[in-house]
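Student: Would you mind keeping the following structure in view while I ask a few things?
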Amino acid sequence: GSSHGDSRIIREAYFEDPLYVPIVQRAYELWEELEKETGNKLLLKTGGLMIGNPEFTLVEGARNSAELHKLDYKILNHEAIKAKFSVFNVREDEVAVFEKRAGILFPELCIQSHLDLAKKYGAQIKVEEIVIKFDFNEHEVKLLTNKGNTYTAKKVILSCGAWIKNILPDLKLKLTIERQVLYWFEIENSEQFESKNFPIYIWEYEHDSMIYGFPIIDQKGLKIAFYHGGENPESPNKLNKELRAEELEKMKLAVAKHFPTAKATFKEHAVCMYTNTEDLNFLIDFHPQY
Ligand SMILES: Cc1cc2nc3c(=O)[nH]c(=O)nc-3n(C[C@H](O)[C@H](O)[C@H](O)COP(=O)(O)OP(=O)(O)OC[C@H]3O[C@@H](n4cnc5c(N)ncnc54)[C@H](O)[C@@H]3O)c2cc1C
C-alpha cells in the first residue's frame with residue numbers, strides 16, 4: 001500500500017490550503033497522545049524548509065497558511081539558508097519558509113502503535129484476509145472475505161487506499177493511482193545530513209515541480225523523492241515495483257544538483273502509491289446511499 005518507507009513528513013504551514021492547518025494541528029495533539037500511551041517515539045521534530053522562488057506555489061502557499069494561522073515561522077533568503085543549512089545548494093532567487101514544528105513520523109511504528117492500542121481496547125485484528133464482497137442495507141453490512149468468513153456489523157469504515165475503487169466499483173470514483181519512487185543514498189560526509197543539522201524539506205526547483213526529503217535516520221541513508229510526475233497504473237495490483245535505469249539517472253542528477261557536497265551513492269529504492277482526487281484534496285465521506 002502507501003504507508004511504508006520509514007518516514008513521512010508532518011508539517012503545519014500547509015501550502016496546499018490553509019484549511020488543512022487546524023486539521024494537522026489536531027493531528028499533532030493526537031500523535032502526542034499516542035506516543036504517551038504507547039511509550040513509542042513516533043514523531044521527530046526536525047523543522048521544515050519549504051524552498052523555492054517566492055512567487056511559486058510552495059513558498060507562497062506555505063507563507064499564506066503560516067500568516068493566516070499565526071504560525072511560528074521565518075522567511076530565509078538564500079544567504080540565510082546557506083548560513084544555517086550549508087548543504088542545500090539554493091539559487092539566488094530562492095527563499096525558504098522555515099517552520100519549527102515540522103518533522104517526521106515513522107509510519108510502520110505509527111501503524112503498530114494503533115494496532116496495539118486497538119487490541120488493548122478490545123479490537124480483534126485480522127491480517128492476510130481480503131474483503132472480496134460486501135452487501136449492505138439500511139441496518140447492517142455483511143463482509144465476505146477470501147478465507148470464506150462473513151462478518152456482520154452496523155457500520156464499516158473503508159480505508160483501503162489505492163484499492164478503494166476496486167471495492168466500490170459502482171461509485172465510479174474519479175481517482176487516479178500514481179506510482180511514486182523513494183530513493184535512499186549513502187552520503188560520504190554524513191554529519192551535515194543528520195537530523196540535528198538537516199530539516200525535512202520540500203523544494204520547488206521549477207514552477208510546480210518539487211522534490212522533497214528527509215535527514216539521515218538510523219544509518220539508512222538520505223531519503224529523497226520527486227513529488228508527483230509518476231505514471232498511472234490502472235489498478236494497484238498492476239503496480240511496477242522495479243526501478244528503471246533512466247529514473248535512477250534523473251534522481252542522481254537531482255541529488256548532485258541540489259546537494260553537491262553529499263558525494264551520494266545510490267543504495268536502495270521503494271515504490272509507493274498516491275491516490276489522487278481530481279483537485280488533489282482529500283476525499284473523506286459517507287457512502288452516498290447509506
Ligand atoms: C512516496 C510517498 C510519500 C508520501 N509522503 C507523505 C508525507 O511525507 N506525508 C504525508 O502525510 N503523507 C505522505 N504520503 C501519503 C500517505 O503515505 C498516504 O496518504 C497514506 O499512507 C495512506 O494510507 P491509507 O491507510 O489510506 O492507505 P494504505 O496504507 O495503502 O492502506 C490501505 C490498506 O488497505 C488494504 N486493503 C485494500 N483493499 C483491501 C480489501 N479488499 N480487503 C482487505 N484489505 C484491503 C491494503 O492491503 C492496505 O494495507 C506519501 C505517499 C507516498 C506513496
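Residues in the C-alpha cells are named by chain (A, B, ... in the order shown) and by number from 1 within that chain; ligands are numbered from 1 in the order shown.
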If we count only C-alpha atoms and set the cut-off at 8 Å, which residues sit around A:Gly103, ignoring sequence neighbours fewer than 6 positions away in its own chain? Please answer as a VMD selection string.

Tutor: chain A and resid 9 to 11 43 to 48 199 to 200

Student: Find the spatial neighbours of A:Glu92, counting only C-alpha atoms, within a cut-off of 12 Å - ignore same-chain residues fewer than 5 positions away - and output them as a JSON list (two decimals) with N, CA, C and O atoms, in the first residue's frame.

Tutor:
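Written file, around.json:
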```
[["chain", "number", "residue", "atom", "x", "y", "z"],
["A", 51, "ILE", "N", 11.25, 25.41, 0.16],
["A", 51, "ILE", "CA", 12.19, 26.22, -0.61],
["A", 51, "ILE", "C", 11.66, 26.48, -2.02],
["A", 51, "ILE", "O", 11.10, 25.59, -2.65],
["A", 52, "GLY", "N", 11.91, 27.69, -2.51],
["A", 52, "GLY", "CA", 11.55, 27.97, -3.91],
["A", 52, "GLY", "C", 11.54, 29.45, -4.18],
["A", 52, "GLY", "O", 11.78, 30.28, -3.28],
["A", 53, "ASN", "N", 11.24, 29.80, -5.42],
["A", 53, "ASN", "CA", 11.03, 31.19, -5.77],
["A", 53, "ASN", "C", 9.81, 31.69, -4.98],
["A", 53, "ASN", "O", 8.80, 30.99, -4.89],
["A", 54, "PRO", "N", 9.89, 32.91, -4.41],
["A", 54, "PRO", "CA", 8.78, 33.37, -3.55],
["A", 54, "PRO", "C", 7.44, 33.49, -4.27],
["A", 54, "PRO", "O", 6.40, 33.54, -3.63],
["A", 76, "LEU", "N", 13.63, 32.80, 5.15],
["A", 76, "LEU", "CA", 15.08, 32.86, 5.00],
["A", 76, "LEU", "C", 15.41, 33.17, 3.54],
["A", 76, "LEU", "O", 14.87, 32.53, 2.65],
["A", 77, "ASN", "N", 16.30, 34.15, 3.31],
["A", 77, "ASN", "CA", 16.75, 34.35, 1.93],
["A", 77, "ASN", "C", 17.86, 33.35, 1.62],
["A", 77, "ASN", "O", 18.26, 32.58, 2.49],
["A", 78, "HIS", "N", 18.38, 33.38, 0.38],
["A", 78, "HIS", "CA", 19.28, 32.28, 0.01],
["A", 78, "HIS", "C", 20.55, 32.30, 0.86],
["A", 78, "HIS", "O", 21.10, 31.24, 1.18],
["A", 79, "GLU", "N", 20.99, 33.50, 1.27],
["A", 79, "GLU", "CA", 22.20, 33.56, 2.11],
["A", 79, "GLU", "C", 21.94, 32.96, 3.50],
["A", 79, "GLU", "O", 22.78, 32.25, 4.05],
["A", 80, "ALA", "N", 20.77, 33.29, 4.04],
["A", 80, "ALA", "CA", 20.43, 32.76, 5.37],
["A", 80, "ALA", "C", 20.27, 31.25, 5.33],
["A", 80, "ALA", "O", 20.66, 30.54, 6.28],
["A", 81, "ILE", "N", 19.72, 30.74, 4.23],
["A", 81, "ILE", "CA", 19.59, 29.27, 4.11],
["A", 81, "ILE", "C", 20.98, 28.65, 4.11],
["A", 81, "ILE", "O", 21.26, 27.69, 4.83],
["A", 82, "LYS", "N", 21.88, 29.24, 3.30],
["A", 82, "LYS", "CA", 23.24, 28.67, 3.20],
["A", 82, "LYS", "C", 24.00, 28.78, 4.53],
["A", 82, "LYS", "O", 24.77, 27.89, 4.88]]
```

Student: Can you list, as a list of chain:residue names, every protein, DNA or RNA residue that comes within 10 Å of stretch 164-167 of chain A when you count only C-alpha atoms, leaving out same-chain residues fewer than 2 positions away?

Tutor: A:Val131, A:Ile132, A:Lys133, A:Phe134, A:Leu158, A:Ser159, A:Cys160, A:Gly161, A:Ala162, A:Pro169, A:Asp170, A:Leu171, A:Lys172, A:Leu173, A:Lys174, A:Leu175, A:Thr176, A:Ser235, A:Pro236, A:Thr275

Student: With a distance cut-off of 10 Å and only C-alpha atoms, select the neighbouring residues of A:Ser3, excluding the residue or stretch itself and same-chain residues fewer than 2 positions from it, and output the selection as a PyMOL selection string.

Tutor: chain A and resi 1+5-8+106-108+110-111+161+272-273

Student: If you keep all heavy atoms, can you produce a file of those selected residues as a PDB file, in the first residue's frame?

Tutor:
```
ATOM      1  N   GLY A   1       0.817  -1.211   0.000  1.00  0.00           N
ATOM      2  CA  GLY A   1       0.000   0.000   0.000  1.00  0.00           C
ATOM      3  C   GLY A   1       0.844   1.250   0.000  1.00  0.00           C
ATOM      4  O   GLY A   1       1.896   1.322  -0.633  1.00  0.00           O
ATOM      5  N   GLY A   5       8.019   2.838   4.153  1.00  0.00           N
ATOM      6  CA  GLY A   5       9.165   3.613   3.679  1.00  0.00           C
ATOM      7  C   GLY A   5       9.835   4.429   4.769  1.00  0.00           C
ATOM      8  O   GLY A   5      10.444   5.453   4.488  1.00  0.00           O
ATOM      9  N   ASP A   6       9.671   4.013   6.014  1.00  0.00           N
ATOM     10  CA  ASP A   6      10.402   4.557   7.175  1.00  0.00           C
ATOM     11  C   ASP A   6       9.965   5.918   7.687  1.00  0.00           C
ATOM     12  O   ASP A   6      10.018   6.170   8.882  1.00  0.00           O
ATOM     13  CB  ASP A   6      11.926   4.685   6.922  1.00  0.00           C
ATOM     14  CG  ASP A   6      12.577   3.377   6.550  1.00  0.00           C
ATOM     15  OD1 ASP A   6      11.971   2.326   6.856  1.00  0.00           O
ATOM     16  OD2 ASP A   6      13.663   3.401   5.972  1.00  0.00           O
ATOM     17  N   SER A   7       9.636   6.830   6.787  1.00  0.00           N
ATOM     18  CA  SER A   7       9.396   8.200   7.269  1.00  0.00           C
ATOM     19  C   SER A   7       8.310   8.891   6.441  1.00  0.00           C
ATOM     20  O   SER A   7       8.147   8.609   5.265  1.00  0.00           O
ATOM     21  CB  SER A   7      10.693   9.004   7.182  1.00  0.00           C
ATOM     22  OG  SER A   7      11.300   8.818   5.918  1.00  0.00           O
ATOM     23  N   ARG A   8       7.595   9.793   7.102  1.00  0.00           N
ATOM     24  CA  ARG A   8       6.614  10.653   6.442  1.00  0.00           C
ATOM     25  C   ARG A   8       6.776  12.047   7.012  1.00  0.00           C
ATOM     26  O   ARG A   8       7.009  12.207   8.211  1.00  0.00           O
ATOM     27  CB  ARG A   8       5.179  10.187   6.743  1.00  0.00           C
ATOM     28  CG  ARG A   8       4.737   8.976   5.952  1.00  0.00           C
ATOM     29  CD  ARG A   8       4.601   9.314   4.489  1.00  0.00           C
ATOM     30  NE  ARG A   8       4.131   8.204   3.678  1.00  0.00           N
ATOM     31  CZ  ARG A   8       4.912   7.256   3.155  1.00  0.00           C
ATOM     32  NH1 ARG A   8       6.203   7.270   3.384  1.00  0.00           N
ATOM     33  NH2 ARG A   8       4.405   6.295   2.418  1.00  0.00           N
ATOM     34  N   PHE A 106       7.153   8.100  11.871  1.00  0.00           N
ATOM     35  CA  PHE A 106       7.679   6.792  11.471  1.00  0.00           C
ATOM     36  C   PHE A 106       6.493   5.873  11.193  1.00  0.00           C
ATOM     37  O   PHE A 106       5.897   5.326  12.130  1.00  0.00           O
ATOM     38  CB  PHE A 106       8.589   6.247  12.579  1.00  0.00           C
ATOM     39  CG  PHE A 106       9.696   7.207  12.929  1.00  0.00           C
ATOM     40  CD1 PHE A 106       9.692   7.905  14.128  1.00  0.00           C
ATOM     41  CD2 PHE A 106      10.715   7.458  12.009  1.00  0.00           C
ATOM     42  CE1 PHE A 106      10.698   8.830  14.429  1.00  0.00           C
ATOM     43  CE2 PHE A 106      11.725   8.368  12.298  1.00  0.00           C
ATOM     44  CZ  PHE A 106      11.716   9.061  13.512  1.00  0.00           C
ATOM     45  N   PRO A 107       6.084   5.752   9.930  1.00  0.00           N
ATOM     46  CA  PRO A 107       4.774   5.161   9.623  1.00  0.00           C
ATOM     47  C   PRO A 107       4.576   3.721  10.103  1.00  0.00           C
ATOM     48  O   PRO A 107       3.500   3.387  10.595  1.00  0.00           O
ATOM     49  CB  PRO A 107       4.674   5.257   8.096  1.00  0.00           C
ATOM     50  CG  PRO A 107       6.064   5.447   7.599  1.00  0.00           C
ATOM     51  CD  PRO A 107       6.794   6.148   8.700  1.00  0.00           C
ATOM     52  N   GLU A 108       5.618   2.885   9.977  1.00  0.00           N
ATOM     53  CA  GLU A 108       5.423   1.487  10.392  1.00  0.00           C
ATOM     54  C   GLU A 108       5.136   1.412  11.898  1.00  0.00           C
ATOM     55  O   GLU A 108       4.256   0.677  12.346  1.00  0.00           O
ATOM     56  CB  GLU A 108       6.657   0.639  10.049  1.00  0.00           C
ATOM     57  CG  GLU A 108       6.838   0.371   8.547  1.00  0.00           C
ATOM     58  CD  GLU A 108       7.579   1.471   7.795  1.00  0.00           C
ATOM     59  OE1 GLU A 108       7.859   2.543   8.399  1.00  0.00           O
ATOM     60  OE2 GLU A 108       7.873   1.274   6.599  1.00  0.00           O
ATOM     61  N   CYS A 110       3.948   3.895  13.713  1.00  0.00           N
ATOM     62  CA  CYS A 110       2.641   4.538  13.948  1.00  0.00           C
ATOM     63  C   CYS A 110       1.526   3.508  13.796  1.00  0.00           C
ATOM     64  O   CYS A 110       0.607   3.434  14.615  1.00  0.00           O
ATOM     65  CB  CYS A 110       2.414   5.679  12.960  1.00  0.00           C
ATOM     66  SG  CYS A 110       3.480   7.102  13.228  1.00  0.00           S
ATOM     67  N   ILE A 111       1.607   2.713  12.746  1.00  0.00           N
ATOM     68  CA  ILE A 111       0.560   1.713  12.497  1.00  0.00           C
ATOM     69  C   ILE A 111       0.580   0.654  13.595  1.00  0.00           C
ATOM     70  O   ILE A 111      -0.464   0.282  14.139  1.00  0.00           O
ATOM     71  CB  ILE A 111       0.731   1.087  11.101  1.00  0.00           C
ATOM     72  CG1 ILE A 111       0.430   2.147  10.037  1.00  0.00           C
ATOM     73  CG2 ILE A 111      -0.201  -0.119  10.924  1.00  0.00           C
ATOM     74  CD1 ILE A 111       0.703   1.712   8.628  1.00  0.00           C
ATOM     75  N   GLY A 161      -7.150   2.744   0.797  1.00  0.00           N
ATOM     76  CA  GLY A 161      -6.175   3.457  -0.025  1.00  0.00           C
ATOM     77  C   GLY A 161      -6.439   3.300  -1.516  1.00  0.00           C
ATOM     78  O   GLY A 161      -7.560   3.494  -2.000  1.00  0.00           O
ATOM     79  N   CYS A 272       5.833   3.299  -3.991  1.00  0.00           N
ATOM     80  CA  CYS A 272       4.651   3.625  -3.190  1.00  0.00           C
ATOM     81  C   CYS A 272       3.575   4.150  -4.137  1.00  0.00           C
ATOM     82  O   CYS A 272       3.838   4.363  -5.317  1.00  0.00           O
ATOM     83  CB  CYS A 272       5.079   4.680  -2.170  1.00  0.00           C
ATOM     84  SG  CYS A 272       3.809   5.255  -1.048  1.00  0.00           S
ATOM     85  N   MET A 273       2.359   4.352  -3.644  1.00  0.00           N
ATOM     86  CA  MET A 273       1.283   4.873  -4.497  1.00  0.00           C
ATOM     87  C   MET A 273       0.612   6.089  -3.873  1.00  0.00           C
ATOM     88  O   MET A 273       0.291   6.071  -2.681  1.00  0.00           O
ATOM     89  CB  MET A 273       0.205   3.805  -4.672  1.00  0.00           C
ATOM     90  CG  MET A 273       0.612   2.640  -5.532  1.00  0.00           C
ATOM     91  SD  MET A 273      -0.709   1.413  -5.620  1.00  0.00           S
ATOM     92  CE  MET A 273      -0.575   0.599  -4.035  1.00  0.00           C
TER      93      MET A 273
END
```

Student: Apply DSSP to the backbone of this structure and, from stretch 48-164 of chain A, keep only the residues in helix (DSSP H, G or I); write these as an MDAnalysis selection string.

Tutor: chainID A and resid 57:68 78:84 107:120 161:164
